[in-house]
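What follows is the content of coords.pdb (PDB, C-alpha atoms, pLDDT in the B column).
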ATOM      1  CA  MET W   1      54.360  19.402  10.078  1.00 73.00           C
ATOM      2  CA  THR W   2      56.793  19.754   7.208  1.00 85.00           C
ATOM      3  CA  ASN W   3      60.390  18.864   7.881  1.00 96.00           C
ATOM      4  CA  TYR W   4      61.956  21.299   5.403  1.00 98.00           C
ATOM      5  CA  ASP W   5      65.501  20.050   6.079  1.00 98.00           C
ATOM      6  CA  ALA W   6      64.551  16.462   5.230  1.00 98.00           C
ATOM      7  CA  ALA W   7      62.331  17.355   2.269  1.00 98.00           C
ATOM      8  CA  PHE W   8      64.820  19.675   0.530  1.00 98.00           C
ATOM      9  CA  HIS W   9      67.649  17.233   1.253  1.00 98.00           C
ATOM     10  CA  ALA W  10      65.604  14.430  -0.345  1.00 98.00           C
ATOM     11  CA  LEU W  11      65.091  16.591  -3.450  1.00 98.00           C
ATOM     12  CA  ALA W  12      68.821  17.342  -3.810  1.00 98.00           C
ATOM     13  CA  ASP W  13      69.599  14.100  -5.635  1.00 98.00           C
ATOM     14  CA  PRO W  14      68.883  13.231  -9.291  1.00 97.00           C
ATOM     15  CA  THR W  15      67.910   9.586  -8.585  1.00 98.00           C
ATOM     16  CA  ARG W  16      65.404  10.654  -5.957  1.00 98.00           C
ATOM     17  CA  ARG W  17      63.952  13.376  -8.206  1.00 98.00           C
ATOM     18  CA  ALA W  18      63.625  10.815 -11.037  1.00 98.00           C
ATOM     19  CA  VAL W  19      61.685   8.517  -8.681  1.00 98.00           C
ATOM     20  CA  LEU W  20      59.295  11.363  -7.847  1.00 98.00           C
ATOM     21  CA  VAL W  21      58.800  12.155 -11.563  1.00 97.00           C
ATOM     22  CA  THR W  22      57.871   8.490 -12.161  1.00 97.00           C
ATOM     23  CA  LEU W  23      55.594   8.303  -9.124  1.00 97.00           C
ATOM     24  CA  ALA W  24      53.761  11.471 -10.211  1.00 96.00           C
ATOM     25  CA  GLN W  25      52.302   9.269 -12.959  1.00 95.00           C
ATOM     26  CA  GLY W  26      50.976   6.769 -10.417  1.00 95.00           C
ATOM     27  CA  PRO W  27      52.017   4.267  -7.734  1.00 95.00           C
ATOM     28  CA  ARG W  28      54.640   1.679  -8.726  1.00 96.00           C
ATOM     29  CA  PRO W  29      56.145  -1.496  -7.227  1.00 97.00           C
ATOM     30  CA  VAL W  30      59.723  -1.022  -5.987  1.00 97.00           C
ATOM     31  CA  SER W  31      61.123  -3.451  -8.598  1.00 95.00           C
ATOM     32  CA  GLU W  32      59.671  -1.376 -11.462  1.00 96.00           C
ATOM     33  CA  LEU W  33      60.958   1.864  -9.905  1.00 97.00           C
ATOM     34  CA  ALA W  34      64.441   0.396  -9.471  1.00 97.00           C
ATOM     35  CA  ALA W  35      64.770  -1.061 -12.999  1.00 96.00           C
ATOM     36  CA  PRO W  36      65.958   2.069 -14.894  1.00 95.00           C
ATOM     37  CA  HIS W  37      68.560   2.963 -12.254  1.00 96.00           C
ATOM     38  CA  ALA W  38      72.043   1.524 -12.718  1.00 93.00           C
ATOM     39  CA  MET W  39      72.865   0.873  -9.072  1.00 96.00           C
ATOM     40  CA  ALA W  40      72.757  -1.963  -6.555  1.00 96.00           C
ATOM     41  CA  LEU W  41      69.305  -2.551  -5.074  1.00 95.00           C
ATOM     42  CA  PRO W  42      70.376  -1.736  -1.475  1.00 96.00           C
ATOM     43  CA  THR W  43      71.648   1.645  -2.698  1.00 97.00           C
ATOM     44  CA  PHE W  44      68.367   2.296  -4.469  1.00 98.00           C
ATOM     45  CA  LEU W  45      66.399   1.255  -1.371  1.00 97.00           C
ATOM     46  CA  LYS W  46      68.368   3.818   0.646  1.00 98.00           C
ATOM     47  CA  HIS W  47      67.156   6.517  -1.743  1.00 98.00           C
ATOM     48  CA  LEU W  48      63.572   5.335  -1.239  1.00 98.00           C
ATOM     49  CA  ARG W  49      64.061   5.458   2.523  1.00 97.00           C
ATOM     50  CA  VAL W  50      65.274   9.075   2.299  1.00 98.00           C
ATOM     51  CA  LEU W  51      62.136   9.965   0.314  1.00 98.00           C
ATOM     52  CA  GLU W  52      59.916   8.117   2.775  1.00 98.00           C
ATOM     53  CA  ASP W  53      61.591   9.676   5.843  1.00 97.00           C
ATOM     54  CA  ALA W  54      60.956  13.078   4.250  1.00 97.00           C
ATOM     55  CA  ALA W  55      57.275  12.083   3.822  1.00 97.00           C
ATOM     56  CA  LEU W  56      57.496  12.715   0.061  1.00 98.00           C
ATOM     57  CA  ILE W  57      56.452   9.127  -0.673  1.00 98.00           C
ATOM     58  CA  ALA W  58      54.487   6.437   1.141  1.00 97.00           C
ATOM     59  CA  THR W  59      55.248   2.732   0.799  1.00 95.00           C
ATOM     60  CA  GLU W  60      52.944  -0.196   1.409  1.00 94.00           C
ATOM     61  CA  LYS W  61      53.498  -3.945   1.356  1.00 92.00           C
ATOM     62  CA  ARG W  62      51.017  -5.961  -0.716  1.00 88.00           C
ATOM     63  CA  GLY W  63      51.710  -9.678  -0.422  1.00 91.00           C
ATOM     64  CA  ARG W  64      55.392 -10.041  -1.278  1.00 90.00           C
ATOM     65  CA  THR W  65      55.861  -6.760  -3.142  1.00 92.00           C
ATOM     66  CA  ARG W  66      56.308  -3.257  -1.792  1.00 94.00           C
ATOM     67  CA  HIS W  67      54.503  -0.427  -3.592  1.00 96.00           C
ATOM     68  CA  CYS W  68      55.417   3.259  -3.527  1.00 97.00           C
ATOM     69  CA  ALA W  69      53.173   6.273  -4.015  1.00 97.00           C
ATOM     70  CA  LEU W  70      53.846  10.001  -4.232  1.00 97.00           C
ATOM     71  CA  ARG W  71      52.478  12.114  -1.364  1.00 96.00           C
ATOM     72  CA  PRO W  72      51.625  15.172  -3.473  1.00 94.00           C
ATOM     73  CA  GLU W  73      50.358  17.117  -0.451  1.00 94.00           C
ATOM     74  CA  ALA W  74      53.963  17.118   0.836  1.00 95.00           C
ATOM     75  CA  LEU W  75      55.071  19.246  -2.128  1.00 96.00           C
ATOM     76  CA  ARG W  76      52.726  22.186  -1.391  1.00 95.00           C
ATOM     77  CA  PRO W  77      54.485  23.560   1.727  1.00 96.00           C
ATOM     78  CA  LEU W  78      57.811  23.502  -0.161  1.00 97.00           C
ATOM     79  CA  GLU W  79      56.314  25.430  -3.083  1.00 97.00           C
ATOM     80  CA  GLY W  80      54.695  27.761  -0.544  1.00 97.00           C
ATOM     81  CA  TRP W  81      58.000  28.471   1.177  1.00 97.00           C
ATOM     82  CA  LEU W  82      59.713  29.332  -2.113  1.00 97.00           C
ATOM     83  CA  ALA W  83      56.787  31.473  -3.309  1.00 96.00           C
ATOM     84  CA  ALA W  84      56.700  33.374   0.007  1.00 97.00           C
ATOM     85  CA  GLN W  85      60.314  34.514  -0.396  1.00 96.00           C
ATOM     86  CA  ARG W  86      59.761  35.487  -4.021  1.00 95.00           C
ATOM     87  CA  GLU W  87      56.598  37.445  -3.146  1.00 95.00           C
ATOM     88  CA  THR W  88      58.215  39.240  -0.193  1.00 95.00           C
ATOM     89  CA  TRP W  89      60.973  40.368  -2.567  1.00 94.00           C
ATOM     90  CA  ALA W  90      58.474  41.445  -5.241  1.00 92.00           C
ATOM     91  CA  ALA W  91      56.373  43.441  -2.733  1.00 90.00           C
ATOM     92  CA  ARG W  92      59.515  45.261  -1.602  1.00 85.00           C
ATOM     93  CA  THR W  93      60.483  46.068  -5.193  1.00 78.00           C
ATOM     94  CA  ASP W  94      56.977  47.436  -5.854  1.00 78.00           C
ATOM     95  CA  ARG W  95      57.131  49.649  -2.740  1.00 78.00           C
ATOM     96  CA  LEU W  96      60.541  50.927  -3.851  1.00 76.00           C
ATOM     97  CA  ALA W  97      59.183  51.774  -7.318  1.00 78.00           C
ATOM     98  CA  ASP W  98      56.199  53.623  -5.757  1.00 78.00           C
ATOM     99  CA  HIS W  99      58.537  55.546  -3.487  1.00 75.00           C
ATOM    100  CA  LEU W 100      60.824  56.596  -6.331  1.00 77.00           C
ATOM    101  CA  GLU W 101      57.822  57.664  -8.385  1.00 79.00           C
ATOM    102  CA  ARG W 102      56.539  59.880  -5.560  1.00 81.00           C
ATOM    103  CA  GLU W 103      59.992  61.397  -5.053  1.00 79.00           C
ATOM    104  CA  ASN W 104      60.540  61.998  -8.771  1.00 77.00           C
ATOM    105  CA  PRO W 105      57.069  62.481 -10.304  1.00 72.00           C
ATOM    106  CA  ASP W 106      58.468  63.896 -13.557  1.00 65.00           C
ATOM    107  CA  VAL W 107      60.882  61.053 -14.336  1.00 55.00           C
TER     108      VAL W 107
ATOM    109  CA  MET B   1      70.446  26.610 -16.240  1.00 73.00           C
ATOM    110  CA  THR B   2      69.220  25.544 -12.852  1.00 85.00           C
ATOM    111  CA  ASN B   3      71.405  23.207 -10.854  1.00 96.00           C
ATOM    112  CA  TYR B   4      68.629  21.451  -8.938  1.00 98.00           C
ATOM    113  CA  ASP B   5      71.064  19.370  -6.868  1.00 98.00           C
ATOM    114  CA  ALA B   6      72.875  22.478  -5.634  1.00 98.00           C
ATOM    115  CA  ALA B   7      69.730  24.564  -5.134  1.00 98.00           C
ATOM    116  CA  PHE B   8      67.769  21.956  -3.143  1.00 98.00           C
ATOM    117  CA  HIS B   9      70.906  21.103  -1.138  1.00 98.00           C
ATOM    118  CA  ALA B  10      71.324  24.789  -0.290  1.00 98.00           C
ATOM    119  CA  LEU B  11      67.705  24.937   0.929  1.00 98.00           C
ATOM    120  CA  ALA B  12      68.121  21.881   3.189  1.00 98.00           C
ATOM    121  CA  ASP B  13      69.635  23.856   6.065  1.00 98.00           C
ATOM    122  CA  PRO B  14      67.843  26.118   8.571  1.00 97.00           C
ATOM    123  CA  THR B  15      70.609  28.750   8.689  1.00 98.00           C
ATOM    124  CA  ARG B  16      70.616  29.057   4.906  1.00 98.00           C
ATOM    125  CA  ARG B  17      66.813  29.275   4.754  1.00 98.00           C
ATOM    126  CA  ALA B  18      66.884  31.969   7.462  1.00 98.00           C
ATOM    127  CA  VAL B  19      69.364  33.957   5.350  1.00 98.00           C
ATOM    128  CA  LEU B  20      67.030  33.742   2.351  1.00 98.00           C
ATOM    129  CA  VAL B  21      64.053  34.879   4.466  1.00 98.00           C
ATOM    130  CA  THR B  22      66.079  37.933   5.564  1.00 97.00           C
ATOM    131  CA  LEU B  23      67.327  38.685   2.045  1.00 97.00           C
ATOM    132  CA  ALA B  24      63.765  38.497   0.675  1.00 96.00           C
ATOM    133  CA  GLN B  25      63.274  41.812   2.527  1.00 95.00           C
ATOM    134  CA  GLY B  26      66.205  43.413   0.712  1.00 94.00           C
ATOM    135  CA  PRO B  27      69.994  43.236   0.238  1.00 95.00           C
ATOM    136  CA  ARG B  28      72.111  43.210   3.405  1.00 96.00           C
ATOM    137  CA  PRO B  29      75.798  43.481   4.317  1.00 97.00           C
ATOM    138  CA  VAL B  30      77.351  40.163   5.412  1.00 97.00           C
ATOM    139  CA  SER B  31      77.983  41.468   8.956  1.00 95.00           C
ATOM    140  CA  GLU B  32      74.287  42.255   9.438  1.00 96.00           C
ATOM    141  CA  LEU B  33      73.252  38.858   8.031  1.00 97.00           C
ATOM    142  CA  ALA B  34      75.690  37.050  10.314  1.00 97.00           C
ATOM    143  CA  ALA B  35      74.743  38.863  13.540  1.00 96.00           C
ATOM    144  CA  PRO B  36      71.684  36.781  14.580  1.00 95.00           C
ATOM    145  CA  HIS B  37      73.453  33.453  13.942  1.00 96.00           C
ATOM    146  CA  ALA B  38      75.334  31.936  16.884  1.00 93.00           C
ATOM    147  CA  MET B  39      78.267  30.485  14.948  1.00 96.00           C
ATOM    148  CA  ALA B  40      81.829  31.403  14.020  1.00 96.00           C
ATOM    149  CA  LEU B  41      82.063  33.785  11.058  1.00 95.00           C
ATOM    150  CA  PRO B  42      83.974  31.292   8.841  1.00 96.00           C
ATOM    151  CA  THR B  43      81.157  28.753   9.357  1.00 97.00           C
ATOM    152  CA  PHE B  44      78.579  31.369   8.439  1.00 98.00           C
ATOM    153  CA  LEU B  45      80.590  32.391   5.357  1.00 97.00           C
ATOM    154  CA  LYS B  46      80.551  28.743   4.221  1.00 98.00           C
ATOM    155  CA  HIS B  47      76.749  28.822   4.324  1.00 98.00           C
ATOM    156  CA  LEU B  48      76.782  31.991   2.187  1.00 98.00           C
ATOM    157  CA  ARG B  49      79.120  30.290  -0.284  1.00 97.00           C
ATOM    158  CA  VAL B  50      76.729  27.315  -0.606  1.00 98.00           C
ATOM    159  CA  LEU B  51      73.885  29.756  -1.355  1.00 98.00           C
ATOM    160  CA  GLU B  52      76.030  31.674  -3.848  1.00 97.00           C
ATOM    161  CA  ASP B  53      77.270  28.484  -5.582  1.00 97.00           C
ATOM    162  CA  ALA B  54      73.615  27.441  -5.957  1.00 97.00           C
ATOM    163  CA  ALA B  55      72.926  30.872  -7.532  1.00 97.00           C
ATOM    164  CA  LEU B  56      70.251  31.605  -4.895  1.00 98.00           C
ATOM    165  CA  ILE B  57      72.101  34.740  -3.801  1.00 98.00           C
ATOM    166  CA  ALA B  58      74.546  37.160  -5.390  1.00 97.00           C
ATOM    167  CA  THR B  59      77.288  38.915  -3.444  1.00 95.00           C
ATOM    168  CA  GLU B  60      79.068  42.138  -4.298  1.00 94.00           C
ATOM    169  CA  LYS B  61      81.950  43.975  -2.676  1.00 92.00           C
ATOM    170  CA  ARG B  62      81.374  47.695  -1.988  1.00 88.00           C
ATOM    171  CA  GLY B  63      84.491  49.291  -0.546  1.00 91.00           C
ATOM    172  CA  ARG B  64      85.411  47.142   2.434  1.00 90.00           C
ATOM    173  CA  THR B  65      82.026  45.439   2.958  1.00 92.00           C
ATOM    174  CA  ARG B  66      80.431  42.570   1.062  1.00 94.00           C
ATOM    175  CA  HIS B  67      76.710  42.822   0.333  1.00 96.00           C
ATOM    176  CA  CYS B  68      74.348  39.933  -0.405  1.00 97.00           C
ATOM    177  CA  ALA B  69      71.142  39.947  -2.420  1.00 97.00           C
ATOM    178  CA  LEU B  70      68.494  37.323  -3.101  1.00 97.00           C
ATOM    179  CA  ARG B  71      68.242  36.103  -6.706  1.00 96.00           C
ATOM    180  CA  PRO B  72      64.458  35.619  -6.726  1.00 94.00           C
ATOM    181  CA  GLU B  73      64.476  34.362 -10.330  1.00 94.00           C
ATOM    182  CA  ALA B  74      66.381  31.290  -9.078  1.00 95.00           C
ATOM    183  CA  LEU B  75      63.376  30.234  -6.973  1.00 96.00           C
ATOM    184  CA  ARG B  76      60.952  29.949  -9.914  1.00 95.00           C
ATOM    185  CA  PRO B  77      62.370  26.789 -11.549  1.00 96.00           C
ATOM    186  CA  LEU B  78      62.322  25.021  -8.166  1.00 97.00           C
ATOM    187  CA  GLU B  79      58.683  25.963  -7.601  1.00 97.00           C
ATOM    188  CA  GLY B  80      57.994  24.902 -11.193  1.00 97.00           C
ATOM    189  CA  TRP B  81      59.572  21.494 -10.702  1.00 97.00           C
ATOM    190  CA  LEU B  82      57.496  20.826  -7.562  1.00 97.00           C
ATOM    191  CA  ALA B  83      54.288  22.092  -9.187  1.00 96.00           C
ATOM    192  CA  ALA B  84      54.868  19.909 -12.270  1.00 97.00           C
ATOM    193  CA  GLN B  85      54.940  16.727 -10.187  1.00 96.00           C
ATOM    194  CA  ARG B  86      51.874  17.778  -8.214  1.00 95.00           C
ATOM    195  CA  GLU B  87      49.988  18.647 -11.413  1.00 95.00           C
ATOM    196  CA  THR B  88      50.946  15.402 -13.170  1.00 95.00           C
ATOM    197  CA  TRP B  89      49.570  13.511 -10.189  1.00 94.00           C
ATOM    198  CA  ALA B  90      46.377  15.605 -10.107  1.00 92.00           C
ATOM    199  CA  ALA B  91      45.781  15.109 -13.856  1.00 90.00           C
ATOM    200  CA  ARG B  92      46.111  11.357 -13.403  1.00 85.00           C
ATOM    201  CA  THR B  93      43.677  11.370 -10.468  1.00 78.00           C
ATOM    202  CA  ASP B  94      41.181  13.362 -12.570  1.00 78.00           C
ATOM    203  CA  ARG B  95      41.491  10.890 -15.477  1.00 78.00           C
ATOM    204  CA  LEU B  96      40.957   8.007 -13.063  1.00 75.00           C
ATOM    205  CA  ALA B  97      37.810   9.638 -11.645  1.00 78.00           C
ATOM    206  CA  ASP B  98      36.457  10.217 -15.199  1.00 78.00           C
ATOM    207  CA  HIS B  99      37.178   6.617 -16.087  1.00 75.00           C
ATOM    208  CA  LEU B 100      35.426   5.247 -12.995  1.00 77.00           C
ATOM    209  CA  GLU B 101      32.437   7.508 -13.681  1.00 79.00           C
ATOM    210  CA  ARG B 102      32.124   6.189 -17.257  1.00 80.00           C
ATOM    211  CA  GLU B 103      32.440   2.595 -16.058  1.00 79.00           C
ATOM    212  CA  ASN B 104      29.919   3.062 -13.235  1.00 76.00           C
ATOM    213  CA  PRO B 105      27.559   5.810 -14.398  1.00 72.00           C
ATOM    214  CA  ASP B 106      24.991   5.040 -11.677  1.00 65.00           C
ATOM    215  CA  VAL B 107      27.377   5.216  -8.738  1.00 54.00           C
TER     216      VAL B 107
END
I need this file expressed as structure tokens, please.
Amino acid sequence: MTNYDAAFHALADPTRRAVLVTLAQGPRPVSELAAPHAMALPTFLKHLRVLEDAALIATEKRGRTRHCALRPEALRPLEGWLAAQRETWAARTDRLADHLERENPDV
Amino acid sequence: MTNYDAAFHALADPTRRAVLVTLAQGPRPVSELAAPHAMALPTFLKHLRVLEDAALIATEKRGRTRHCALRPEALRPLEGWLAAQRETWAARTDRLADHLERENPDV
């Protein structure tokens, strides 16, 4: 089940969004993910933990290095939530237009 | 221009998402929006301010009441951002499958 609080919170930070953009191109070791970010490693690891707790990424230890991968299926429910609100609004606007047309057929 | 930090932060709260679900059905006065939420009015107004600062809703004063409306166009860039990451990942997975098929045509 999607934790919308955790997922949207994880997305509300530019470092974490940049990590997701990189991981969309394929899994990466943590060291490679961290390199472009000008911050202490523990700070960066906290960002990864927020993404992992929100189930947006998965991490896996291989030997002595930890690898991260995007969980693309976690993005769908978020898109779905946003689309649902937009479509509810659009359906209402269409009904309103139909109603006005029936009330004022000559306009 | 979309402020992704502010928009995703605004979405990371159940009260604020509930307000957006209600507003998707049409504009509402603040008093009507606040009624189902068991919290002090100032707390609720802070949630509305977060949504307004993120440009997810617009508010307008009519006489003595303030009305809120969804800004559905603000949802599109967020959906687009999520879809872009998902599609980048999918394209990569497709390329990988093609590559494996060429390397192992008999499998």
Which residue out of W:Met1, W:Ala6, W:Leu96, W:Leu56 has the minimum interatomic distance to chain B when all atoms listed in the file are used?
W:Ala6
List as a tab-separated table every residue of chain W that is in contact with chain B, defined as an atom at most 12 Å from one of its atoms (using all atoms listed in the file), together with the nearest atom pair and the distance in Å rounded to one decimal, sorted by chain and then rising number.
residue	atom	partner	partner_atom	distance
W:Asn3	CA	B:Ala12	CA	9.5
W:Tyr4	CA	B:Ala12	CA	6.6
W:Asp5	CA	B:Ala12	CA	4.3
W:Ala6	CA	B:Ala12	CA	6.8
W:Ala7	CA	B:Ala12	CA	7.4
W:Phe8	CA	B:Ala12	CA	4.8
W:His9	CA	B:Ala12	CA	5.1
W:Ala10	CA	B:Phe8	CA	8.3
W:Leu11	CA	B:Phe8	CA	6.0
W:Ala12	CA	B:Asp5	CA	4.3
W:Asp13	CA	B:Asp5	CA	5.6
W:Pro14	CA	B:Asp5	CA	7.0
W:Thr15	CA	B:Asp5	CA	10.4
W:Arg16	CA	B:Asp5	CA	10.4
W:Arg17	CA	B:Tyr4	CA	9.4
W:Ala18	CA	B:Gln85	CA	10.5
W:Val19	CA	B:Gln85	CA	10.7
W:Leu20	CA	B:Gln85	CA	7.3
W:Val21	CA	B:Gln85	CA	6.1
W:Thr22	CA	B:Gln85	CA	9.0
W:Leu23	CA	B:Trp89	CA	8.0
W:Ala24	CA	B:Trp89	CA	4.7
W:Gln25	CA	B:Trp89	CA	5.8
W:Gly26	CA	B:Trp89	CA	6.9
W:Pro27	CA	B:Trp89	CA	9.9
W:Ala54	CA	B:Ala12	CA	11.4
W:Leu56	CA	B:Leu82	CA	11.1
W:Ala69	CA	B:Trp89	CA	10.2
W:Leu70	CA	B:Trp89	CA	8.1
W:Arg71	CA	B:Arg86	CA	8.9
W:Pro72	CA	B:Arg86	CA	5.4
W:Glu73	CA	B:Arg86	CA	7.9
W:Ala74	CA	B:Arg86	CA	9.3
W:Leu75	CA	B:Leu82	CA	6.2
W:Arg76	CA	B:Leu82	CA	7.9
W:Pro77	CA	B:Leu82	CA	10.1
W:Leu78	CA	B:Leu82	CA	7.9
W:Glu79	CA	B:Glu79	CA	5.1
W:Gly80	CA	B:Glu79	CA	8.3
W:Trp81	CA	B:Glu79	CA	9.2
W:Leu82	CA	B:Leu75	CA	6.2
W:Ala83	CA	B:Glu79	CA	7.2
W:Ala84	CA	B:Val21	CA	8.7
W:Gln85	CA	B:Ala24	CA	5.4
W:Arg86	CA	B:Pro72	CA	5.4
W:Glu87	CA	B:Ala24	CA	8.2
W:Thr88	CA	B:Ala24	CA	5.7
W:Trp89	CA	B:Ala24	CA	4.7
W:Ala90	CA	B:Ala24	CA	8.5
W:Ala91	CA	B:Gln25	CA	8.8
W:Arg92	CA	B:Gln25	CA	6.6
W:Thr93	CA	B:Gly26	CA	8.6
W:Asp94	CA	B:Gln25	CA	11.9
W:Arg95	CA	B:Gln25	CA	11.3
W:Leu96	CA	B:Gly26	CA	10.5
What do you get, as number ranges by chain, if you spell out every residue that the PyMOL selection byres ((chain B and resi 40-46) around 12) selects here?
B: 10, 13-16, 18-19, 30-39, 47-53, 59, 66, 68
What does the structure give for the distance between CA of Ile57 in chain B and CA of Glu103 in chain W, in Å to one decimal?
29.3 Å
Can you give me chain W superposed onto chain B, least-squares on all Cα in order, written as an mmCIF file with C-alpha atoms, in the coordinates of the input?
data_model
loop_
_atom_site.group_PDB
_atom_site.id
_atom_site.type_symbol
_atom_site.label_atom_id
_atom_site.label_comp_id
_atom_site.auth_asym_id
_atom_site.auth_seq_id
_atom_site.Cartn_x
_atom_site.Cartn_y
_atom_site.Cartn_z
ATOM 1 C CA MET W 1 70.442 26.561 -16.279
ATOM 2 C CA THR W 2 69.220 25.536 -12.853
ATOM 3 C CA ASN W 3 71.417 23.211 -10.865
ATOM 4 C CA TYR W 4 68.635 21.451 -8.946
ATOM 5 C CA ASP W 5 71.079 19.376 -6.872
ATOM 6 C CA ALA W 6 72.887 22.488 -5.628
ATOM 7 C CA ALA W 7 69.740 24.572 -5.132
ATOM 8 C CA PHE W 8 67.782 21.958 -3.149
ATOM 9 C CA HIS W 9 70.899 21.100 -1.141
ATOM 10 C CA ALA W 10 71.333 24.796 -0.283
ATOM 11 C CA LEU W 11 67.714 24.928 0.924
ATOM 12 C CA ALA W 12 68.129 21.877 3.188
ATOM 13 C CA ASP W 13 69.641 23.848 6.065
ATOM 14 C CA PRO W 14 67.838 26.114 8.564
ATOM 15 C CA THR W 15 70.620 28.755 8.689
ATOM 16 C CA ARG W 16 70.635 29.070 4.917
ATOM 17 C CA ARG W 17 66.826 29.268 4.750
ATOM 18 C CA ALA W 18 66.882 31.979 7.457
ATOM 19 C CA VAL W 19 69.371 33.972 5.354
ATOM 20 C CA LEU W 20 67.039 33.747 2.351
ATOM 21 C CA VAL W 21 64.056 34.885 4.469
ATOM 22 C CA THR W 22 66.078 37.943 5.570
ATOM 23 C CA LEU W 23 67.331 38.699 2.062
ATOM 24 C CA ALA W 24 63.778 38.520 0.676
ATOM 25 C CA GLN W 25 63.263 41.817 2.518
ATOM 26 C CA GLY W 26 66.207 43.420 0.719
ATOM 27 C CA PRO W 27 69.987 43.246 0.250
ATOM 28 C CA ARG W 28 72.109 43.201 3.422
ATOM 29 C CA PRO W 29 75.812 43.485 4.315
ATOM 30 C CA VAL W 30 77.349 40.173 5.424
ATOM 31 C CA SER W 31 77.989 41.469 8.971
ATOM 32 C CA GLU W 32 74.280 42.258 9.465
ATOM 33 C CA LEU W 33 73.262 38.869 8.031
ATOM 34 C CA ALA W 34 75.701 37.051 10.317
ATOM 35 C CA ALA W 35 74.736 38.860 13.553
ATOM 36 C CA PRO W 36 71.679 36.767 14.589
ATOM 37 C CA HIS W 37 73.446 33.448 13.956
ATOM 38 C CA ALA W 38 75.320 31.914 16.880
ATOM 39 C CA MET W 39 78.262 30.477 14.962
ATOM 40 C CA ALA W 40 81.822 31.397 14.031
ATOM 41 C CA LEU W 41 82.054 33.773 11.071
ATOM 42 C CA PRO W 42 83.974 31.298 8.846
ATOM 43 C CA THR W 43 81.167 28.769 9.363
ATOM 44 C CA PHE W 44 78.581 31.374 8.440
ATOM 45 C CA LEU W 45 80.592 32.392 5.362
ATOM 46 C CA LYS W 46 80.562 28.752 4.235
ATOM 47 C CA HIS W 47 76.762 28.835 4.322
ATOM 48 C CA LEU W 48 76.795 31.988 2.188
ATOM 49 C CA ARG W 49 79.135 30.295 -0.275
ATOM 50 C CA VAL W 50 76.741 27.334 -0.594
ATOM 51 C CA LEU W 51 73.896 29.764 -1.357
ATOM 52 C CA GLU W 52 76.032 31.659 -3.856
ATOM 53 C CA ASP W 53 77.278 28.479 -5.583
ATOM 54 C CA ALA W 54 73.628 27.455 -5.958
ATOM 55 C CA ALA W 55 72.930 30.880 -7.541
ATOM 56 C CA LEU W 56 70.264 31.605 -4.903
ATOM 57 C CA ILE W 57 72.111 34.747 -3.799
ATOM 58 C CA ALA W 58 74.551 37.174 -5.395
ATOM 59 C CA THR W 59 77.293 38.935 -3.444
ATOM 60 C CA GLU W 60 79.071 42.154 -4.295
ATOM 61 C CA LYS W 61 81.954 43.996 -2.663
ATOM 62 C CA ARG W 62 81.388 47.703 -1.990
ATOM 63 C CA GLY W 63 84.502 49.307 -0.535
ATOM 64 C CA ARG W 64 85.416 47.119 2.431
ATOM 65 C CA THR W 65 82.039 45.451 2.960
ATOM 66 C CA ARG W 66 80.438 42.590 1.079
ATOM 67 C CA HIS W 67 76.710 42.830 0.338
ATOM 68 C CA CYS W 68 74.345 39.949 -0.394
ATOM 69 C CA ALA W 69 71.137 39.961 -2.410
ATOM 70 C CA LEU W 70 68.495 37.326 -3.098
ATOM 71 C CA ARG W 71 68.252 36.107 -6.706
ATOM 72 C CA PRO W 72 64.472 35.621 -6.725
ATOM 73 C CA GLU W 73 64.477 34.376 -10.327
ATOM 74 C CA ALA W 74 66.396 31.309 -9.077
ATOM 75 C CA LEU W 75 63.400 30.229 -6.980
ATOM 76 C CA ARG W 76 60.954 29.948 -9.918
ATOM 77 C CA PRO W 77 62.393 26.800 -11.567
ATOM 78 C CA LEU W 78 62.347 25.037 -8.173
ATOM 79 C CA GLU W 79 58.697 25.965 -7.615
ATOM 80 C CA GLY W 80 58.017 24.911 -11.210
ATOM 81 C CA TRP W 81 59.585 21.496 -10.693
ATOM 82 C CA LEU W 82 57.509 20.836 -7.570
ATOM 83 C CA ALA W 83 54.295 22.103 -9.194
ATOM 84 C CA ALA W 84 54.883 19.924 -12.280
ATOM 85 C CA GLN W 85 54.951 16.740 -10.187
ATOM 86 C CA ARG W 86 51.873 17.782 -8.229
ATOM 87 C CA GLU W 87 49.970 18.636 -11.431
ATOM 88 C CA THR W 88 50.956 15.397 -13.189
ATOM 89 C CA TRP W 89 49.570 13.507 -10.185
ATOM 90 C CA ALA W 90 46.374 15.590 -10.126
ATOM 91 C CA ALA W 91 45.767 15.098 -13.878
ATOM 92 C CA ARG W 92 46.116 11.340 -13.406
ATOM 93 C CA THR W 93 43.661 11.358 -10.498
ATOM 94 C CA ASP W 94 41.151 13.329 -12.600
ATOM 95 C CA ARG W 95 41.466 10.856 -15.499
ATOM 96 C CA LEU W 96 40.941 7.977 -13.064
ATOM 97 C CA ALA W 97 37.795 9.629 -11.665
ATOM 98 C CA ASP W 98 36.443 10.187 -15.217
ATOM 99 C CA HIS W 99 37.151 6.573 -16.089
ATOM 100 C CA LEU W 100 35.388 5.232 -13.004
ATOM 101 C CA GLU W 101 32.415 7.480 -13.694
ATOM 102 C CA ARG W 102 32.098 6.153 -17.255
ATOM 103 C CA GLU W 103 32.390 2.557 -16.042
ATOM 104 C CA ASN W 104 29.875 3.047 -13.227
ATOM 105 C CA PRO W 105 27.496 5.811 -14.381
ATOM 106 C CA ASP W 106 24.938 5.038 -11.660
ATOM 107 C CA VAL W 107 27.309 5.226 -8.683
#
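When CA of Arg28 in chain W is paired with CA of Ala55 in chain W, their separation reads 16.5 Å.
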How big is the axis-aligned box around the listed atoms of range 43-58 of chain B once 4 Å is added on each side, and where is its centre? Give both in Å to one decimal, as JSON.
{"center_x": 75.7, "center_y": 32.2, "center_z": 0.9, "size_x": 18.9, "size_y": 17.8, "size_z": 24.9}
Atomic separation - CA of Thr2 in chain B relative to CA of His67 in chain B, Å
23.0 Å
